[in-house]
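**Q** Pasting a structure below so you can have a look.
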Amino acid sequence: MTKAFGKLAAVEARLFLREPMAVFFAIVLPVGLLLGLGTTIPGFRDADPSLGGQRFVDAPFTAMMVLLSVVTLGLSVLPGSLVIYRERGVLRRLSTTPVRPGALLAAQLVINVVVSVVATTLTLVLGRLVLGVPLPGSPWTFAVVFVLGSLTMLAIGLLLAAVAPNARVVQGVGSALMFPLLFLAGMWLPRPLMPEILRRISDFTPTGAFGQGLMDALGGHAPQPLHLAVLAGWALAAGLAAARLFRWE
C-alpha cells in the first residue's frame, strides 16, 4: 500500500508541475513580488517607525508573500483539483481498486504541503540573499506557525471541495474568499496601520491570525496565543466539516 501511495503521489506531483498557472501563482508570483517590489521600491527597504523600526520588506512583506502562496494552494489549487477529479469520476473509479479514494486525497494534501514548503523556502532564502531579509530568529517557532497556518488553509480548501457542486463554482467561491481574507491579513494595508476595530476583526480570521503569526515569528517574537488558538479552531472546524460533508461522487 505504501508503494502504491508513493506512485500515486509521484503522479500527482507530475500533474501539478504540468499546470503552469498553479506553479506560477503558488511559487513564482510570491517570490517574484518579493524580489521585484523589494528591489525597485526604495521605501520598502527603509526603516519604518510605524512598524517598530523594521523595513517593510522584512517581516511584514515577506510574511505576506508566504501567506499568499499558502492561501493560493488552499483556496484555489487544492479544491479545484479535487472537484475536477470528482466531476470526472476519478474518485468513483478509484473506489473499485486497491488504491482507495482517500489515498488520492492524502496524496493531494502531501503535494500541496510540499509545494508550500518549497515556495516558503525560496521566499526566505532569496529574500535573505537579495534583500538582506533576516531569517526567522527561532526556526522552530516559525515552523509551528507555518504548519498550523498551512493546515488551516488546506482544511478550508477541503471544505470548499466538499460543498462545491462543480469546478466553476469552487474557483469562483475560492476567489471571492481570497481577496477579502488577504486584505484582512494585511496584504494591502499592514495590520499595524489598520483601525483598531478592523485589526480586531482580523485577529479572528484565519489569514489575519496566520499573517500576524508569521510576522511575529519572522520578527523574532513569539506568536500570540490568541492567533494560535484562532488557527487551531479554524483548522478543527473546517476539517471536521469537510470530513462530514465530503462526497466522493
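Just remember, in the C-alpha cells the first chain shown is A, the second B, etc., residues are 1-based per chain, and ligands are 1-based in the order shown.
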Please identify every residue of segment 27-110 of chain A that has at least one atom no farther than 12 Å from an atom of segment 227-242 of chain A, counting only C-alpha atoms, and for each give the shortest atom pair and the distance in Å to one decimal, arranged by chain then increasing number, as JSON lines.
**A**
{"residue": "A:Gly74", "atom": "CA", "partner": "A:Ala235", "partner_atom": "CA", "distance": 11.8}
{"residue": "A:Pro79", "atom": "CA", "partner": "A:Ala242", "partner_atom": "CA", "distance": 11.2}
{"residue": "A:Leu105", "atom": "CA", "partner": "A:Ala242", "partner_atom": "CA", "distance": 11.9}
**Q** Kindly save the residues from that selection, with N, CA, C and O atoms included, as a compact mmCIF listing (two decimals), in the first residue's frame.
**A**
# COMPACT_ATOMS: atom_id res chain seq x y z
N GLY A 74 -4.51 26.65 -0.80
CA GLY A 74 -5.65 26.20 -0.01
C GLY A 74 -7.00 26.57 -0.61
O GLY A 74 -7.94 25.77 -0.55
N PRO A 79 -8.77 22.68 -3.76
CA PRO A 79 -10.19 22.38 -4.01
C PRO A 79 -10.51 22.24 -5.48
O PRO A 79 -11.34 21.41 -5.86
N LEU A 105 -6.76 11.71 -1.96
CA LEU A 105 -6.91 12.89 -1.12
C LEU A 105 -5.64 13.15 -0.32
O LEU A 105 -5.15 14.28 -0.24
**Q** With only C-alpha atoms counted and 9 Å as the cut-off, give the residues of segment 110-184 of chain A in contact with segment 207-224 of chain A, each with its shortest interatomic distance in Å and the pair that gives it, as CSV.
**A**
residue,atom,partner,partner_atom,distance
A:Pro134,CA,A:Leu218,CA,7.5
A:Leu135,CA,A:Leu218,CA,6.7
A:Pro136,CA,A:Leu218,CA,4.5
A:Gly137,CA,A:Gly220,CA,4.8
A:Ser138,CA,A:Gly220,CA,6.5
A:Pro139,CA,A:Ala217,CA,8.1
A:Thr141,CA,A:Ala217,CA,6.2
A:Phe142,CA,A:Ala217,CA,5.1
A:Ala143,CA,A:Ala217,CA,8.8
A:Val145,CA,A:Gly213,CA,6.1
A:Phe146,CA,A:Leu214,CA,7.1
A:Leu148,CA,A:Phe210,CA,8.3
A:Gly149,CA,A:Phe210,CA,5.4
A:Ser150,CA,A:Phe210,CA,8.6
A:Thr152,CA,A:Phe210,CA,8.9
A:Met153,CA,A:Thr207,CA,8.3
A:Leu181,CA,A:Thr207,CA,5.9
A:Leu182,CA,A:Thr207,CA,6.6
A:Phe183,CA,A:Gly208,CA,8.6
A:Leu184,CA,A:Gly208,CA,5.7
**Q** Would you output that residue set with N, CA and C atoms, as an mmCIF file, in the first residue's frame?
**A**
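New file out-v7.cif:
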data_model
loop_
_atom_site.group_PDB
_atom_site.id
_atom_site.type_symbol
_atom_site.label_atom_id
_atom_site.label_comp_id
_atom_site.auth_asym_id
_atom_site.auth_seq_id
_atom_site.Cartn_x
_atom_site.Cartn_y
_atom_site.Cartn_z
ATOM 1 N N PRO A 134 16.047 39.291 7.194
ATOM 2 C CA PRO A 134 16.505 38.382 8.249
ATOM 3 C C PRO A 134 15.737 37.054 8.216
ATOM 4 N N LEU A 135 16.457 35.984 8.451
ATOM 5 C CA LEU A 135 15.804 34.691 8.597
ATOM 6 C C LEU A 135 15.117 34.632 9.961
ATOM 7 N N PRO A 136 14.137 33.739 10.123
ATOM 8 C CA PRO A 136 13.446 33.661 11.421
ATOM 9 C C PRO A 136 14.422 33.473 12.569
ATOM 10 N N GLY A 137 14.267 34.298 13.616
ATOM 11 C CA GLY A 137 15.158 34.170 14.760
ATOM 12 C C GLY A 137 15.001 32.834 15.458
ATOM 13 N N SER A 138 13.781 32.305 15.458
ATOM 14 C CA SER A 138 13.502 30.991 16.039
ATOM 15 C C SER A 138 12.867 30.120 14.961
ATOM 16 N N PRO A 139 13.673 29.303 14.269
ATOM 17 C CA PRO A 139 13.119 28.479 13.189
ATOM 18 C C PRO A 139 11.980 27.577 13.655
ATOM 19 N N THR A 141 9.783 28.137 16.058
ATOM 20 C CA THR A 141 8.570 28.938 16.217
ATOM 21 C C THR A 141 7.938 29.218 14.862
ATOM 22 N N PHE A 142 8.775 29.596 13.903
ATOM 23 C CA PHE A 142 8.262 29.850 12.557
ATOM 24 C C PHE A 142 7.630 28.585 11.986
ATOM 25 N N ALA A 143 8.266 27.436 12.196
ATOM 26 C CA ALA A 143 7.754 26.178 11.658
ATOM 27 C C ALA A 143 6.391 25.841 12.256
ATOM 28 N N VAL A 145 4.107 27.954 13.446
ATOM 29 C CA VAL A 145 3.105 28.857 12.865
ATOM 30 C C VAL A 145 2.812 28.464 11.430
ATOM 31 N N PHE A 146 3.853 28.171 10.662
ATOM 32 C CA PHE A 146 3.685 27.820 9.249
ATOM 33 C C PHE A 146 2.862 26.541 9.092
ATOM 34 N N LEU A 148 0.776 25.091 11.290
ATOM 35 C CA LEU A 148 -0.595 25.277 11.760
ATOM 36 C C LEU A 148 -1.398 26.119 10.768
ATOM 37 N N GLY A 149 -0.800 27.181 10.250
ATOM 38 C CA GLY A 149 -1.497 28.008 9.270
ATOM 39 C C GLY A 149 -1.766 27.270 7.974
ATOM 40 N N SER A 150 -0.807 26.473 7.526
ATOM 41 C CA SER A 150 -0.991 25.703 6.291
ATOM 42 C C SER A 150 -2.097 24.670 6.456
ATOM 43 N N THR A 152 -4.580 24.884 8.416
ATOM 44 C CA THR A 152 -5.850 25.624 8.461
ATOM 45 C C THR A 152 -6.344 25.948 7.059
ATOM 46 N N MET A 153 -5.471 26.483 6.219
ATOM 47 C CA MET A 153 -5.892 26.871 4.871
ATOM 48 C C MET A 153 -6.235 25.649 4.026
ATOM 49 N N LEU A 181 -9.904 37.933 2.478
ATOM 50 C CA LEU A 181 -9.064 37.321 3.510
ATOM 51 C C LEU A 181 -7.629 37.846 3.434
ATOM 52 N N LEU A 182 -7.125 38.061 2.219
ATOM 53 C CA LEU A 182 -5.787 38.642 2.089
ATOM 54 C C LEU A 182 -5.758 40.077 2.607
ATOM 55 N N PHE A 183 -6.827 40.823 2.347
ATOM 56 C CA PHE A 183 -6.890 42.188 2.863
ATOM 57 C C PHE A 183 -6.861 42.188 4.390
ATOM 58 N N LEU A 184 -7.660 41.315 4.998
ATOM 59 C CA LEU A 184 -7.716 41.259 6.455
ATOM 60 C C LEU A 184 -6.405 40.770 7.060
#
**Q** Quick one: everything within 12 Å of Asn112 of chain A, counting only C-alpha atoms, minus sequence neighbours fewer than 5 positions away in the same chain. Send it as a PyMOL selection string.
**A** chain A and resi 9+12-13+16-17+22-23+26-27+69-79+81+105-107+117-119+150-151+153-155+157-158
**Q** Taking the DSSP secondary structure from the backbone, can you list the residues of segment 18-134 of chain A that are helix (DSSP H, G or I), as a ChimeraX atom specification?
**A** /A:20-40,42-45,49-51,59-87,90-94,101-131
**Q** Neighbouring residues of Pro190 of chain A were defined as those with any atom within 10 Å, considering only C-alpha atoms; residues of the same chain fewer than 6 positions away were excluded. Please report them as a VMD selection string.
**A** chain A and resid 50 to 51 56 60 to 61 64 183 to 184 199 212
**Q** Counting only C-alpha atoms, what is within 12 Å of Leu91 of chain A, bar same-chain residues fewer than 6 positions away, as an mmCIF file with N, CA, C and O atoms, in the first residue's frame?
**A**
data_model
loop_
_atom_site.group_PDB
_atom_site.id
_atom_site.type_symbol
_atom_site.label_atom_id
_atom_site.label_comp_id
_atom_site.auth_asym_id
_atom_site.auth_seq_id
_atom_site.Cartn_x
_atom_site.Cartn_y
_atom_site.Cartn_z
ATOM 1 N N SER A 81 -8.606 20.994 -7.883
ATOM 2 C CA SER A 81 -8.178 19.666 -8.341
ATOM 3 C C SER A 81 -9.138 18.580 -7.870
ATOM 4 O O SER A 81 -9.526 17.694 -8.645
ATOM 5 N N LEU A 82 -9.545 18.647 -6.608
ATOM 6 C CA LEU A 82 -10.411 17.600 -6.067
ATOM 7 C C LEU A 82 -11.796 17.618 -6.709
ATOM 8 O O LEU A 82 -12.365 16.557 -7.003
ATOM 9 N N VAL A 83 -12.339 18.798 -6.940
ATOM 10 C CA VAL A 83 -13.663 18.879 -7.555
ATOM 11 C C VAL A 83 -13.612 18.387 -9.004
ATOM 12 O O VAL A 83 -14.536 17.694 -9.469
ATOM 13 N N ILE A 84 -12.542 18.691 -9.719
ATOM 14 C CA ILE A 84 -12.394 18.187 -11.093
ATOM 15 C C ILE A 84 -12.319 16.668 -11.093
ATOM 16 O O ILE A 84 -12.943 15.998 -11.923
ATOM 17 N N TYR A 85 -11.561 16.100 -10.162
ATOM 18 C CA TYR A 85 -11.497 14.638 -10.066
ATOM 19 C C TYR A 85 -12.874 14.043 -9.807
ATOM 20 O O TYR A 85 -13.233 13.008 -10.371
ATOM 21 N N THR A 97 -10.647 -0.021 -6.911
ATOM 22 C CA THR A 97 -9.273 -0.510 -6.998
ATOM 23 C C THR A 97 -8.683 -0.634 -5.599
ATOM 24 O O THR A 97 -9.259 -0.131 -4.620
ATOM 25 N N VAL A 99 -6.304 0.981 -4.494
ATOM 26 C CA VAL A 99 -5.991 2.335 -4.045
ATOM 27 C C VAL A 99 -7.304 3.068 -3.801
ATOM 28 O O VAL A 99 -8.015 3.423 -4.729
ATOM 29 N N ARG A 100 -7.640 3.301 -2.571
ATOM 30 C CA ARG A 100 -8.910 3.918 -2.223
ATOM 31 C C ARG A 100 -8.895 5.410 -2.536
ATOM 32 O O ARG A 100 -7.826 6.022 -2.644
ATOM 33 N N PRO A 101 -10.064 6.033 -2.677
ATOM 34 C CA PRO A 101 -10.105 7.473 -2.944
ATOM 35 C C PRO A 101 -9.392 8.308 -1.887
ATOM 36 O O PRO A 101 -8.829 9.351 -2.184
ATOM 37 N N GLY A 102 -9.419 7.818 -0.641
ATOM 38 C CA GLY A 102 -8.733 8.551 0.416
ATOM 39 C C GLY A 102 -7.242 8.692 0.157
ATOM 40 O O GLY A 102 -6.617 9.661 0.600
ATOM 41 N N ALA A 103 -6.656 7.720 -0.570
ATOM 42 C CA ALA A 103 -5.235 7.809 -0.892
ATOM 43 C C ALA A 103 -4.955 8.984 -1.822
ATOM 44 O O ALA A 103 -3.935 9.671 -1.694
ATOM 45 N N LEU A 104 -5.861 9.222 -2.765
ATOM 46 C CA LEU A 104 -5.708 10.360 -3.665
ATOM 47 C C LEU A 104 -5.822 11.667 -2.888
ATOM 48 O O LEU A 104 -5.064 12.612 -3.127
ATOM 49 N N LEU A 105 -6.756 11.708 -1.957
ATOM 50 C CA LEU A 105 -6.912 12.887 -1.124
ATOM 51 C C LEU A 105 -5.639 13.146 -0.322
ATOM 52 O O LEU A 105 -5.149 14.283 -0.245
ATOM 53 N N PHE A 246 -17.749 15.733 2.763
ATOM 54 C CA PHE A 246 -17.066 15.410 1.514
ATOM 55 C C PHE A 246 -17.757 14.275 0.763
ATOM 56 O O PHE A 246 -18.136 13.271 1.351
ATOM 57 N N ARG A 247 -17.909 14.480 -0.530
ATOM 58 C CA ARG A 247 -18.550 13.496 -1.399
ATOM 59 C C ARG A 247 -17.530 12.952 -2.394
ATOM 60 O O ARG A 247 -16.813 13.720 -3.032
ATOM 61 N N TRP A 248 -17.489 11.637 -2.511
ATOM 62 C CA TRP A 248 -16.562 11.017 -3.453
ATOM 63 C C TRP A 248 -17.101 11.001 -4.867
ATOM 64 O O TRP A 248 -16.356 10.792 -5.818
ATOM 65 N N GLU A 249 -18.413 11.155 -5.026
ATOM 66 C CA GLU A 249 -19.004 11.140 -6.375
ATOM 67 C C GLU A 249 -20.248 11.996 -6.399
ATOM 68 O O GLU A 249 -20.743 12.428 -5.368
#
**Q** Between atom CA of Trp188 of chain A and atom CA of Pro30 of chain A, what distance in Å does the model show, to one decimal?
**A**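 Those two atoms sit 14.1 Å apart.
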**Q** Measuring atom to atom with only C-alpha atoms, identify which of A:Leu68, A:Val110, A:Val130, A:Val125 is nearest to Thr39 of chain A.
**A**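 Going through A:Leu68, A:Val110, A:Val130, A:Val125 one by one, the smallest distance to Thr39 of chain A is for A:Val130.
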**Q** I'd like to know which of A:Ala47, A:Met65, A:Gly53, A:Ala185 is closest to Leu29 of chain A, using only C-alpha atoms.
**A**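 Residue with the minimum atom-to-atom distance to Leu29 of chain A: A:Met65.
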**Q** Given only C-alpha atoms as the basis, pick out the residue of A:Leu159, A:Leu33, A:Val28, A:Val133 nearest to Arg244 of chain A.
**A**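 Smallest distance to Arg244 of chain A is found for A:Leu159.
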**Q** Quick check, in Å to one decimal: how far apart do atom CA of Leu226 of chain A and atom CA of Asp203 of chain A lie?
**A** 7.8 Å
